[in-house]
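The block underneath contains the structure these notes are about, expressed in structure tokens.
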Amino acid sequence: MTTRSPGGPAGRPAAFPSPAPVLSRCIAVEPEKFAAAHWGRGPLLSRAAELPNPAGFTDLFSPADADELLSRRGLRTPFLRVARDGQLVPAARYTGGGGAGAEIGDQVLDERVLELYASGATLVLQGLHRTWPPLVDFARELGAALGQPLQVNAYLTPADSQGFATHYDTHDVFVLQVGGEKHWRIHPPVLPDPLERQPWGGRADEVAAVADGPPALDVVLGPGDALYLPRGWLHSAQAQRSESLHLTVGIRALTRYALVEELLGLAAADRRLRAPLPFGIDVADPDDVEPELTETVEALRDWLLRADPAEVADRLRARVWPAARPAPIRPLAQAALLAGLDVDSRIAVRPGLRWQLTEDGTGAVVLRIFDRSITFPDQCAPALRALLTATVSRVGDLPGLDDDADRLVLARRLLREAVAVPAT
């Protein structure tokens, strides 16, 4: 028997959780309409007046927060990039040792960042979904609503400056304008739905030619405005009369090509596909290659017709789940709870944890989470399901175990493995 954590498939979601308040911060249409009309298809502009939070996005990140990161947090590369005139500035221009006790040489130096920013460079704070608490929570909640792993960067651009030339991204993005104004010019793709291995640099001439034509969307984003762009759509952005700060939420959505990659990985099990090419074949001669290609395609087709969806899903799980970490845990608080745990303690599954519970047929139950598999005796299965599905929180109420001593043993293990946390 298999039990799974809640959540949709890892492609275009057929539906979004209802309600999805975190998603409503980014789009001014119903989630179903967004999925049907915009997701992976075309841009969506949402003005601040159409969105629910009157404070815009300053609760997530602000210029003062950026200054805090750049000056007092010992930030290191690659958590900061700097761009000027469409080119990245070498990290050696703004990094060095941090003084006594912090001599590591890739730390961000605030005085050098000031020099570059004051001269027109754009600062890109990367990985904020890992370093800034409000964005850690926001990214986890939005990722759960979309069923996709996310990344969050911040772009700080001086007045009348532009960090990057027209380009496209290989992932979908939400642009959330925090402060100032930025002029965006959006053009249709030169390569629809590009894969990560198909960056815009390989099509720079095509990109430049399309960018010279009329834009599909020409708009100035102000504080609180949001813009959704599918991967592949060309864009450039220039700050206006004041400095600009915006967040870019990158959505690392899976594609059907990911299925192809996993199927090909599994195809190595087929002996026909592992067979060597004939001795002496001239691989540069199409006449020599043609019969081998025909036989290979036939063997591959036969194998694909026997492909097991469960095996593909298992490989996709191993690929996707580690890309989206669950909520952070507090090691000291967790250890304190372990020390004082009793039957009246209340615990809960770690927020954002994706899990899969299966019986392995040998008297054990296996809990798969984002980074490992944990094996328990099969009598723990009812208690595990009850906790994972939030049916039970009090340790003494965990079902299916013989006595409270067994319940405490299981609860301690779940806390130590960071599967469970103190219930709030």
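Ordered as shown in the structure tokens, chains take letters A, B, and onward, while each chain numbers its residues from 1 and ligands are numbered from 1 in the order shown.
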DSSP-assigned alpha helix (DSSP H) among segment 188-253 of chain A, expressed as a list in words: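 Of segment 188-253 of chain A, only Ala204, Asp205, Glu206, Val207, Ala208, Ala209, Val210 and Ala211 of chain A fall in alpha helix (DSSP H).
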I need the residues from that last selection saved to file as an mmCIF file, in the first residue's frame (with all heavy atoms), if you can.
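Dumped to part.cif:
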data_model
loop_
_atom_site.group_PDB
_atom_site.id
_atom_site.type_symbol
_atom_site.label_atom_id
_atom_site.label_comp_id
_atom_site.auth_asym_id
_atom_site.auth_seq_id
_atom_site.Cartn_x
_atom_site.Cartn_y
_atom_site.Cartn_z
ATOM 1 N N ALA A 204 21.835 34.410 -29.827
ATOM 2 C CA ALA A 204 21.964 35.841 -29.565
ATOM 3 C C ALA A 204 21.556 36.685 -30.765
ATOM 4 O O ALA A 204 20.916 37.741 -30.608
ATOM 5 C CB ALA A 204 23.401 36.161 -29.144
ATOM 6 N N ASP A 205 21.901 36.262 -31.988
ATOM 7 C CA ASP A 205 21.548 37.048 -33.167
ATOM 8 C C ASP A 205 20.030 37.080 -33.371
ATOM 9 O O ASP A 205 19.460 38.136 -33.699
ATOM 10 C CB ASP A 205 22.234 36.478 -34.413
ATOM 11 C CG ASP A 205 23.739 36.690 -34.390
ATOM 12 O OD1 ASP A 205 24.202 37.556 -33.614
ATOM 13 O OD2 ASP A 205 24.450 35.985 -35.143
ATOM 14 N N GLU A 206 19.375 35.923 -33.186
ATOM 15 C CA GLU A 206 17.912 35.887 -33.312
ATOM 16 C C GLU A 206 17.258 36.767 -32.253
ATOM 17 O O GLU A 206 16.299 37.493 -32.527
ATOM 18 C CB GLU A 206 17.405 34.452 -33.169
ATOM 19 C CG GLU A 206 17.827 33.497 -34.262
ATOM 20 C CD GLU A 206 17.359 32.095 -33.934
ATOM 21 O OE1 GLU A 206 16.165 31.803 -34.127
ATOM 22 O OE2 GLU A 206 18.186 31.293 -33.452
ATOM 23 N N VAL A 207 17.772 36.677 -31.029
ATOM 24 C CA VAL A 207 17.218 37.484 -29.933
ATOM 25 C C VAL A 207 17.346 38.963 -30.252
ATOM 26 O O VAL A 207 16.388 39.743 -30.098
ATOM 27 C CB VAL A 207 17.931 37.139 -28.609
ATOM 28 C CG1 VAL A 207 17.569 38.149 -27.522
ATOM 29 C CG2 VAL A 207 17.572 35.728 -28.159
ATOM 30 N N ALA A 208 18.521 39.374 -30.719
ATOM 31 C CA ALA A 208 18.725 40.790 -31.034
ATOM 32 C C ALA A 208 17.809 41.244 -32.164
ATOM 33 O O ALA A 208 17.263 42.365 -32.122
ATOM 34 C CB ALA A 208 20.191 41.021 -31.412
ATOM 35 N N ALA A 209 17.595 40.391 -33.166
ATOM 36 C CA ALA A 209 16.734 40.766 -34.292
ATOM 37 C C ALA A 209 15.289 40.953 -33.841
ATOM 38 O O ALA A 209 14.628 41.922 -34.224
ATOM 39 C CB ALA A 209 16.825 39.699 -35.384
ATOM 40 N N VAL A 210 14.796 40.032 -33.014
ATOM 41 C CA VAL A 210 13.415 40.156 -32.535
ATOM 42 C C VAL A 210 13.275 41.360 -31.610
ATOM 43 O O VAL A 210 12.274 42.080 -31.633
ATOM 44 C CB VAL A 210 12.976 38.857 -31.832
ATOM 45 C CG1 VAL A 210 11.613 39.036 -31.165
ATOM 46 C CG2 VAL A 210 12.920 37.708 -32.827
ATOM 47 N N ALA A 211 14.304 41.606 -30.799
ATOM 48 C CA ALA A 211 14.250 42.725 -29.859
ATOM 49 C C ALA A 211 14.186 44.069 -30.576
ATOM 50 O O ALA A 211 13.708 45.063 -30.002
ATOM 51 C CB ALA A 211 15.456 42.686 -28.926
#
Select from segment 182-374 of chain A everything DSSP, run on the backbone, classes as strand (DSSP E), then give the selection as number ranges by chain. A: 182-187, 217-221, 226-229, 234-239, 244-251, 347-349, 356-359, 364-368, 373-374
Pick the closest to Glu298 of chain A from A:Ala216, A:Val349, A:Leu273, A:Leu191: which is it, counting only C-alpha atoms?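 The shortest atom-to-atom distance to Glu298 of chain A comes from A:Leu273.
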Once you count only C-alpha atoms, what closest atom pair and distance in Å to one decimal does each residue of segment 170-229 of chain A within 12 Å of segment 144-159 of chain A have, with rows by chain and rising residue number, as JSON lines?
{"residue": "A:His171", "atom": "CA", "partner": "A:Leu150", "partner_atom": "CA", "distance": 9.8}
{"residue": "A:Asp172", "atom": "CA", "partner": "A:Leu150", "partner_atom": "CA", "distance": 9.7}
{"residue": "A:Val173", "atom": "CA", "partner": "A:Leu150", "partner_atom": "CA", "distance": 9.3}
{"residue": "A:Phe174", "atom": "CA", "partner": "A:Val152", "partner_atom": "CA", "distance": 9.4}
{"residue": "A:Val175", "atom": "CA", "partner": "A:Ala154", "partner_atom": "CA", "distance": 9.6}
{"residue": "A:Leu176", "atom": "CA", "partner": "A:Ala154", "partner_atom": "CA", "distance": 9.4}
{"residue": "A:Gln177", "atom": "CA", "partner": "A:Tyr155", "partner_atom": "CA", "distance": 9.6}
{"residue": "A:Val178", "atom": "CA", "partner": "A:Ala154", "partner_atom": "CA", "distance": 9.5}
{"residue": "A:Gly179", "atom": "CA", "partner": "A:Leu156", "partner_atom": "CA", "distance": 9.4}
{"residue": "A:Gly180", "atom": "CA", "partner": "A:Ala159", "partner_atom": "CA", "distance": 8.7}
{"residue": "A:Glu181", "atom": "CA", "partner": "A:Ala159", "partner_atom": "CA", "distance": 9.0}
{"residue": "A:Lys182", "atom": "CA", "partner": "A:Thr157", "partner_atom": "CA", "distance": 9.0}
{"residue": "A:His183", "atom": "CA", "partner": "A:Ala159", "partner_atom": "CA", "distance": 11.3}
Closest contacts (segment 59-81 of chain A/segment 217-240 of chain A, max 12 Å, only C-alpha atoms) as a tab-separated table:
residue	atom	partner	partner_atom	distance
A:Asp59	CA	A:Gly224	CA	11.0
A:Leu60	CA	A:Gly224	CA	11.4
A:Phe61	CA	A:Gly224	CA	12.0
A:Ser62	CA	A:Pro223	CA	11.2
Could you please take those selected residues and save all heavy atoms as an mmCIF file, in the first residue's frame?
data_model
loop_
_atom_site.group_PDB
_atom_site.id
_atom_site.type_symbol
_atom_site.label_atom_id
_atom_site.label_comp_id
_atom_site.auth_asym_id
_atom_site.auth_seq_id
_atom_site.Cartn_x
_atom_site.Cartn_y
_atom_site.Cartn_z
ATOM 1 N N ASP A 59 6.915 43.570 2.624
ATOM 2 C CA ASP A 59 6.976 42.647 3.763
ATOM 3 C C ASP A 59 7.878 41.454 3.463
ATOM 4 O O ASP A 59 8.369 40.788 4.376
ATOM 5 C CB ASP A 59 5.580 42.157 4.130
ATOM 6 C CG ASP A 59 4.892 41.420 2.981
ATOM 7 O OD1 ASP A 59 4.970 41.911 1.837
ATOM 8 O OD2 ASP A 59 4.274 40.367 3.233
ATOM 9 N N LEU A 60 8.105 41.180 2.183
ATOM 10 C CA LEU A 60 8.967 40.075 1.785
ATOM 11 C C LEU A 60 10.432 40.489 1.718
ATOM 12 O O LEU A 60 11.320 39.734 2.116
ATOM 13 C CB LEU A 60 8.533 39.526 0.422
ATOM 14 C CG LEU A 60 7.120 38.972 0.327
ATOM 15 C CD1 LEU A 60 6.826 38.527 -1.108
ATOM 16 C CD2 LEU A 60 6.916 37.810 1.299
ATOM 17 N N PHE A 61 10.681 41.694 1.203
ATOM 18 C CA PHE A 61 12.048 42.164 1.030
ATOM 19 C C PHE A 61 11.999 43.657 0.746
ATOM 20 O O PHE A 61 11.067 44.143 0.093
ATOM 21 C CB PHE A 61 12.738 41.427 -0.123
ATOM 22 C CG PHE A 61 14.232 41.494 -0.099
ATOM 23 C CD1 PHE A 61 14.960 40.882 0.912
ATOM 24 C CD2 PHE A 61 14.932 42.164 -1.099
ATOM 25 C CE1 PHE A 61 16.344 40.931 0.937
ATOM 26 C CE2 PHE A 61 16.316 42.221 -1.088
ATOM 27 C CZ PHE A 61 17.027 41.602 -0.067
ATOM 28 N N SER A 62 12.980 44.386 1.236
ATOM 29 C CA SER A 62 13.009 45.840 1.083
ATOM 30 C C SER A 62 14.443 46.304 0.864
ATOM 31 O O SER A 62 15.397 45.542 1.074
ATOM 32 C CB SER A 62 12.441 46.509 2.344
ATOM 33 O OG SER A 62 13.348 46.334 3.430
#
Can you tell me, as a VMD selection string, what residues are no more than 10 Å from segment 103-112 of chain A when counting only C-alpha atoms, ignoring any on the same chain fewer than 2 positions away? chain A and resid 67 69 to 81 91 to 101 114 to 118
Do you know which residues are at most 12 Å from Arg140 of chain A counting only C-alpha atoms, after dropping those on the same chain fewer than 3 positions away, and could you put them as a ChimeraX atom specification? /A:22-23,128-130,133-137,143-152,249,251,323-328,351-354
